[in-house]
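Source file: model-v1.txt (compact mmCIF, C-alpha atoms)
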```
# COMPACT_ATOMS: atom_id res chain seq x y z
CA MET A 1 0.69 15.68 23.70
CA ARG A 2 3.32 14.96 26.31
CA MET A 3 2.58 13.56 29.74
CA ASP A 4 4.51 14.69 32.77
CA ASN A 5 6.05 12.21 35.18
CA ARG A 6 2.80 12.01 37.23
CA GLY A 7 0.67 10.83 34.23
CA ASP A 8 -1.05 14.22 33.85
CA ALA A 9 -1.61 15.39 30.25
CA GLY A 10 -2.69 18.89 31.30
CA PHE A 11 -4.94 20.88 28.95
CA PHE A 12 -5.54 17.96 26.52
CA GLU A 13 -6.75 15.74 29.36
CA ALA A 14 -9.12 18.43 30.56
CA MET A 15 -10.51 18.81 27.01
CA ALA A 16 -10.94 15.05 26.57
CA GLY A 17 -12.69 14.83 29.96
CA THR A 18 -15.09 17.66 29.10
CA MET A 19 -15.90 16.05 25.74
CA ALA A 20 -16.60 12.69 27.39
CA VAL A 21 -18.96 14.32 29.90
CA CYS A 22 -20.74 16.25 27.11
CA LEU A 23 -21.12 13.05 25.05
CA VAL A 24 -22.69 11.10 27.94
CA MET A 25 -24.97 14.00 28.85
CA THR A 26 -26.14 14.36 25.22
CA SER A 27 -26.88 10.60 25.02
CA PHE A 28 -28.84 10.80 28.25
CA LEU A 29 -30.88 13.80 27.06
CA ALA A 30 -31.59 12.04 23.74
CA PHE A 31 -32.80 8.94 25.63
CA MET A 32 -35.00 11.06 27.87
CA ALA A 33 -36.49 12.95 24.89
CA THR A 34 -37.33 9.64 23.18
CA GLU A 35 -39.03 8.32 26.32
CA VAL A 36 -41.10 11.50 26.71
CA SER A 37 -42.20 11.51 23.06
CA ASN A 38 -43.18 7.82 23.26
CA THR A 39 -45.30 8.49 26.34
CA GLY A 40 -47.07 11.37 24.60
CA GLN A 41 -47.91 9.06 21.67
CA GLY A 42 -49.57 6.58 24.02
CA SER A 43 -52.08 8.96 25.52
CA VAL A 44 -54.88 7.62 23.31
CA GLU A 45 -58.17 7.51 25.17
CA PHE A 46 -60.29 4.52 24.33
CA ASP A 47 -63.69 5.43 22.96
CA TRP A 48 -66.11 3.19 24.87
CA THR A 49 -68.93 3.98 22.43
CA VAL A 50 -67.35 1.43 20.07
CA MET A 51 -68.49 -1.23 22.55
CA ALA A 52 -72.13 -0.19 22.10
CA GLY A 53 -74.39 -3.14 21.49
CA LEU A 54 -72.36 -5.37 23.82
CA THR A 55 -74.50 -8.34 24.84
CA VAL A 56 -73.95 -11.49 26.84
CA SER A 57 -75.13 -15.09 26.46
CA GLU A 58 -74.07 -18.46 27.85
CA SER A 59 -71.33 -18.67 25.25
CA GLY A 60 -69.92 -15.30 26.34
CA SER A 61 -70.13 -11.63 25.42
CA GLU A 62 -70.79 -10.47 21.89
CA TRP A 63 -70.33 -7.15 20.16
CA SER A 64 -69.64 -5.70 16.75
CA ASP A 65 -65.88 -5.56 16.24
CA ASP A 66 -66.10 -3.04 13.33
CA GLY A 67 -65.96 -0.06 15.69
CA THR A 68 -62.89 -1.37 17.54
CA GLU A 69 -61.08 -2.02 14.24
CA TYR A 70 -61.92 1.49 13.06
CA PHE A 71 -60.67 2.93 16.38
CA VAL A 72 -57.32 1.13 15.97
CA GLU A 73 -56.88 2.46 12.43
CA ALA A 74 -58.05 6.01 13.23
CA ASN A 75 -55.63 6.33 16.14
CA ARG A 76 -52.68 4.80 14.23
CA LEU A 77 -52.33 2.00 16.78
CA SER A 78 -50.55 -1.26 16.10
CA GLY A 79 -53.41 -3.39 17.42
CA ALA A 80 -55.88 -4.04 20.21
CA LYS A 81 -57.15 -6.86 22.38
CA VAL A 82 -60.59 -6.94 24.03
CA VAL A 83 -61.36 -9.41 26.82
CA CYS A 84 -64.93 -9.74 28.15
CA SER A 85 -65.51 -11.82 31.26
CA SER A 86 -68.08 -12.32 33.99
CA PRO A 87 -65.84 -13.51 36.86
CA GLY A 88 -67.51 -15.88 39.29
CA LEU A 89 -70.32 -16.85 36.89
CA PRO A 90 -70.49 -19.79 34.45
CA ILE A 91 -70.23 -17.55 31.39
CA GLU A 92 -67.44 -18.12 28.90
CA GLU A 93 -64.67 -15.53 28.65
CA ARG A 94 -64.34 -14.01 25.16
CA THR A 95 -61.16 -12.57 23.68
CA TRP A 96 -60.94 -10.63 20.44
CA THR A 97 -57.74 -9.30 18.87
CA CYS A 98 -56.90 -7.19 15.85
CA GLY A 99 -53.62 -5.98 14.39
CA GLU A 100 -50.21 -6.75 15.85
CA GLU A 101 -49.15 -7.08 19.45
CA THR A 102 -46.30 -4.81 20.56
CA PRO A 103 -44.57 -4.49 23.96
CA THR A 104 -45.81 -0.90 24.32
CA THR A 105 -49.28 -1.12 25.76
CA SER A 106 -51.91 0.77 27.63
CA MET A 107 -54.84 -0.91 29.29
CA VAL A 108 -58.30 0.33 30.14
CA LYS A 109 -61.03 -1.49 31.99
CA LYS A 110 -64.74 -0.93 32.49
CA VAL A 111 -67.47 -2.74 34.38
CA TYR A 112 -70.77 -3.25 32.55
CA SER A 113 -74.08 -4.65 33.70
CA LEU A 114 -75.40 -6.57 30.69
CA GLY A 115 -78.91 -7.84 30.18
CA TYR A 116 -79.19 -11.63 29.90
CA GLY A 117 -82.74 -13.00 30.17
CA GLU A 118 -84.12 -11.85 33.54
CA GLN A 119 -80.60 -11.14 34.72
CA SER A 120 -78.25 -8.18 34.32
CA VAL A 121 -74.81 -9.72 34.55
CA PRO A 122 -71.79 -7.79 35.94
CA THR A 123 -69.19 -7.99 33.15
CA VAL A 124 -65.59 -6.77 33.06
CA VAL A 125 -64.35 -5.46 29.70
CA GLU A 126 -60.57 -5.10 29.43
CA VAL A 127 -59.07 -3.33 26.41
CA VAL A 128 -55.33 -3.52 25.71
CA LEU A 129 -54.09 -1.02 23.13
CA TYR A 130 -50.81 -1.84 21.38
CA ARG A 131 -48.89 1.29 20.41
CA ARG A 132 -46.46 1.52 17.50
CA MET B 1 -1.08 4.83 40.19
CA ASN B 2 -0.68 8.16 41.90
CA ARG B 3 -3.29 10.01 43.92
CA LYS B 4 -4.41 12.17 40.99
CA GLY B 5 -5.17 9.14 38.78
CA LEU B 6 -7.19 7.47 41.53
CA THR B 7 -9.25 10.63 42.04
CA ALA B 8 -10.03 10.73 38.28
CA ILE B 9 -11.23 7.07 38.28
CA VAL B 10 -13.42 7.59 41.36
CA ASP B 11 -14.81 10.76 39.76
CA ALA B 12 -15.65 8.88 36.52
CA MET B 13 -17.30 6.03 38.42
CA PHE B 14 -19.36 8.49 40.46
CA PHE B 15 -20.50 10.20 37.26
CA ILE B 16 -21.47 6.88 35.60
CA ALA B 17 -23.43 5.84 38.72
CA LEU B 18 -25.24 9.19 38.76
CA ILE B 19 -26.25 8.93 35.10
CA GLY B 20 -27.35 5.31 35.68
CA ILE B 21 -29.66 6.33 38.54
CA ALA B 22 -31.09 9.23 36.50
CA THR B 23 -31.78 6.89 33.54
CA LEU B 24 -33.50 4.38 35.82
CA MET B 25 -35.71 7.09 37.30
CA VAL B 26 -36.71 8.38 33.86
CA THR B 27 -37.51 4.82 32.72
CA VAL B 28 -39.73 4.22 35.75
CA ILE B 29 -41.49 7.61 35.51
CA PHE B 30 -42.19 7.37 31.78
CA SER B 31 -43.01 3.68 31.83
CA ASP B 32 -44.41 2.31 28.56
CA ASN B 33 -47.19 0.31 30.14
CA ASP B 34 -50.05 2.40 31.45
CA MET B 35 -53.10 1.12 33.26
CA ASP B 36 -56.32 2.97 34.00
CA ILE B 37 -57.84 2.35 37.42
CA GLU B 38 -61.55 1.63 37.23
CA ASP B 39 -63.60 4.15 39.21
CA PRO B 40 -64.91 2.44 42.41
CA SER B 41 -68.25 4.30 42.17
CA ASP B 42 -68.84 2.81 38.71
CA THR B 43 -67.76 -0.65 39.90
CA CYS B 44 -70.10 -0.49 42.92
CA ARG B 45 -73.10 0.76 40.97
CA LYS B 46 -72.72 -1.81 38.16
CA LEU B 47 -71.84 -4.73 40.44
CA PHE B 48 -74.34 -4.31 43.28
CA GLY B 49 -77.08 -3.01 41.00
CA SER B 50 -76.92 -6.16 38.84
CA TYR B 51 -79.33 -9.09 39.05
CA ILE B 52 -77.90 -12.60 38.88
CA ASP B 53 -79.21 -16.13 39.21
CA SER B 54 -78.57 -17.25 42.80
CA ASP B 55 -78.08 -20.85 41.58
CA GLU B 56 -75.04 -19.75 39.53
CA VAL B 57 -73.15 -18.30 42.49
CA GLY B 58 -73.71 -21.32 44.74
CA TYR B 59 -77.22 -21.08 46.26
CA LYS B 60 -78.31 -24.31 44.58
CA GLY B 61 -81.80 -25.59 45.39
CA MET B 62 -82.67 -22.62 47.61
CA THR B 63 -85.36 -21.31 45.22
CA MET B 64 -84.13 -17.73 45.52
CA GLY B 65 -84.11 -17.28 41.73
CA VAL B 66 -82.79 -14.06 40.22
CA CYS B 67 -81.79 -11.55 42.92
CA SER B 68 -79.78 -8.36 43.06
CA VAL B 69 -76.13 -8.75 44.02
CA SER B 70 -76.73 -6.39 46.96
CA GLU B 71 -79.56 -8.56 48.34
CA LEU B 72 -77.55 -11.75 47.86
CA THR B 73 -74.63 -10.10 49.67
CA ALA B 74 -76.93 -9.13 52.55
CA SER B 75 -78.27 -12.71 52.79
CA SER B 76 -74.77 -14.11 52.69
CA ILE B 77 -73.59 -11.81 55.51
CA LEU B 78 -76.61 -12.67 57.68
CA LEU B 79 -76.29 -16.42 57.00
CA GLY B 80 -72.49 -16.30 57.33
CA ASP B 81 -72.14 -18.80 54.47
CA GLY B 82 -69.25 -17.04 52.66
CA ILE B 83 -70.79 -17.70 49.21
CA MET B 84 -71.03 -14.05 48.11
CA GLU B 85 -67.67 -13.33 49.74
CA GLU B 86 -66.14 -15.82 47.28
CA TYR B 87 -68.05 -14.37 44.30
CA LEU B 88 -67.22 -10.72 45.12
CA LYS B 89 -63.56 -11.58 45.70
CA THR B 90 -63.32 -13.32 42.29
CA PHE B 91 -64.96 -10.33 40.61
CA LEU B 92 -62.97 -7.57 42.36
CA ASP B 93 -59.68 -9.45 41.93
CA ARG B 94 -60.30 -9.22 38.18
CA VAL B 95 -61.16 -5.51 38.25
CA TYR B 96 -58.31 -4.55 40.61
CA PRO B 97 -55.67 -7.26 40.00
CA TRP B 98 -52.63 -5.93 41.84
CA ASN B 99 -51.62 -6.95 45.37
CA GLY B 100 -53.44 -5.10 48.17
CA ALA B 101 -55.51 -3.24 45.57
CA TYR B 102 -58.84 -2.82 47.33
CA ARG B 103 -60.89 -3.20 50.48
CA LEU B 104 -64.63 -3.78 50.49
CA TYR B 105 -66.73 -3.21 53.60
CA ALA B 106 -70.35 -4.35 53.70
CA GLU B 107 -72.64 -3.95 56.70
CA VAL B 108 -76.22 -5.08 57.21
CA ASP B 109 -78.23 -5.34 60.42
CA GLY B 110 -75.11 -4.89 62.56
CA LYS B 111 -73.19 -7.70 60.83
CA LYS B 112 -70.09 -6.90 58.81
CA MET B 113 -68.04 -8.37 55.96
CA VAL B 114 -64.57 -7.16 54.99
CA LEU B 115 -62.86 -8.25 51.77
CA GLY B 116 -59.45 -7.49 50.31
CA THR B 117 -56.05 -6.66 51.74
CA GLY B 118 -55.71 -2.96 50.83
CA GLU B 119 -54.04 -0.82 53.48
CA GLY B 120 -52.86 2.76 53.92
CA LYS B 121 -54.23 5.81 52.15
CA ALA B 122 -56.87 4.96 49.54
CA VAL B 123 -56.50 6.44 46.02
CA SER B 124 -60.28 6.58 45.66
CA GLY B 125 -63.37 5.23 47.35
CA TYR B 126 -67.15 5.10 47.21
CA THR B 127 -69.94 4.38 49.68
CA CYS B 128 -73.49 3.43 48.76
CA THR B 129 -76.56 1.89 50.36
CA TYR B 130 -79.09 -0.49 48.84
CA PRO B 131 -82.47 -1.47 50.26
CA VAL B 132 -82.99 -5.08 51.35
CA TRP B 133 -86.68 -6.03 51.51
CA TYR B 134 -86.46 -8.31 54.58
CA THR B 135 -84.07 -6.25 56.77
CA THR B 136 -82.22 -2.92 57.07
CA ASP B 137 -80.37 -1.33 54.11
CA ILE B 138 -76.98 -2.76 53.23
CA ARG B 139 -74.15 -0.21 53.37
CA ILE B 140 -71.23 -0.89 51.04
CA THR B 141 -67.85 0.90 50.88
CA LEU B 142 -65.23 0.13 48.24
CA GLN B 143 -61.77 1.64 48.60
CA VAL B 144 -59.02 1.32 46.00
CA TYR B 145 -55.33 1.58 46.95
```
Turn the structure described in the file into structure tokens.
Amino acid sequence: MRMDNRGDAGFFEAMAGTMAVCLVMTSFLAFMATEVSNTGQGSVEFDWTVMAGLTVSESGSEWSDDGTEYFVEANRLSGAKVVCSSPGLPIEERTWTCGEETPTTSMVKKVYSLGYGEQSVPTVVEVVLYRR
Amino acid sequence: MNRKGLTAIVDAMFFIALIGIATLMVTVIFSDNDMDIEDPSDTCRKLFGSYIDSDEVGYKGMTMGVCSVSELTASSILLGDGIMEEYLKTFLDRVYPWNGAYRLYAEVDGKKMVLGTGEGKAVSGYTCTYPVWYTTDIRITLQVY
């Protein structure tokens, strides 16, 4: 390689430039492919039937957590968090977690009307799914 | 530095900026954290079809007992006491927690209540009416933005 007096290395410079561009483009495509595959993995739809038997009392909502645990294992998730609350009413908020928390999450929410004595209390159930 | 060298540096910087913008766009589009928006029809039906103890929302000593949320909302609008406004705001802020997320319109006997700061084109909405035994039906519209 020999530069001319204007700092131009001719064919070698053109080759090095092309290789640099190809390298950056390949890295970018690899990053994009990873992002797309991660998003596909997260499209797990929460099965609300696992919340069947959800009840409410003064001390908060209650349900069987077996179904939620099974759902986490069956869908190869890292963990899950369920929060039941009746905003605006003097009913305790209940939080239940299983597995490990990860930064990759998806959240689903559903409003229930739960029987409690003569009342049917509007309750918000929030489910955070932690993906691997 | 001659003119050719300067052109090469500017070209490289332009390319790096372009790739940076593309990466940012991909990151935003394929964001890791997804959130499902609760259907306003489901929210309206469950919320206004529920029966709650009037004492627990602030009607202490008024012997109203257990009433439907729709009837309590109608009473609150007619009395202008703001009690149900407070309750509904607390509830809807939990269901739709982002800024300017919703707008709730309720109308009974010519009197209106508007809640929320949502503006622009709604993503989804739902309108329903509930009977109120002592006056006209209450008409409720919930729009989510």
Note to self: Residues of chain B within 10 Å of chain A, counting all atoms listed in the file - could you list those as a VMD selection string?
What the structure shows: chain B and resid 1 to 5 8 12 15 to 16 19 to 20 22 to 23 26 to 27 29 to 40 42 to 53 55 to 58 65 to 69 84 86 to 96
Next item on the list: Mind giving me the straight-line distance from CA of Ala101 (chain B) to CA of Thr117 (chain B) in Å, one decimal?
Entry: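 One can read the CA of Ala101 (chain B) to CA of Thr117 (chain B) distance as 7.1 Å.
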Check: Which value, in Å to one decimal, gives the distance between CA of Glu100 (chain A) and CA of Val127 (chain A)?
Finding: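 It comes out at 14.2 Å.
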Check: Which residues, written as a ChimeraX atom specification, have at least one atom at most 12 Å from region 132-139 of chain B, with only C-alpha atoms counted and residues fewer than 2 positions away on the same chain left out?
Finding: /B:44,48,67-78,104-114,126-130,141-142
Next item on the list: In Å, rounded to a single decimal, give me how far CA of Ser27 (chain A) is from CA of Gly10 (chain A).
Entry: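 Between these atoms lies a distance of 26.3 Å.
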Item checked: Residues near Glu101 (chain A), cut-off 8 Å, all atoms listed in the file, skip fewer than 6 positions along chain, as a PyMOL selection string -> chain A and resi 78-80+130
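Distances to Val50 (chain A) were evaluated for A:Arg76, A:Glu13, A:Thr26, A:Val82 using all atoms listed in the file, and the minimum falls at A:Val82.
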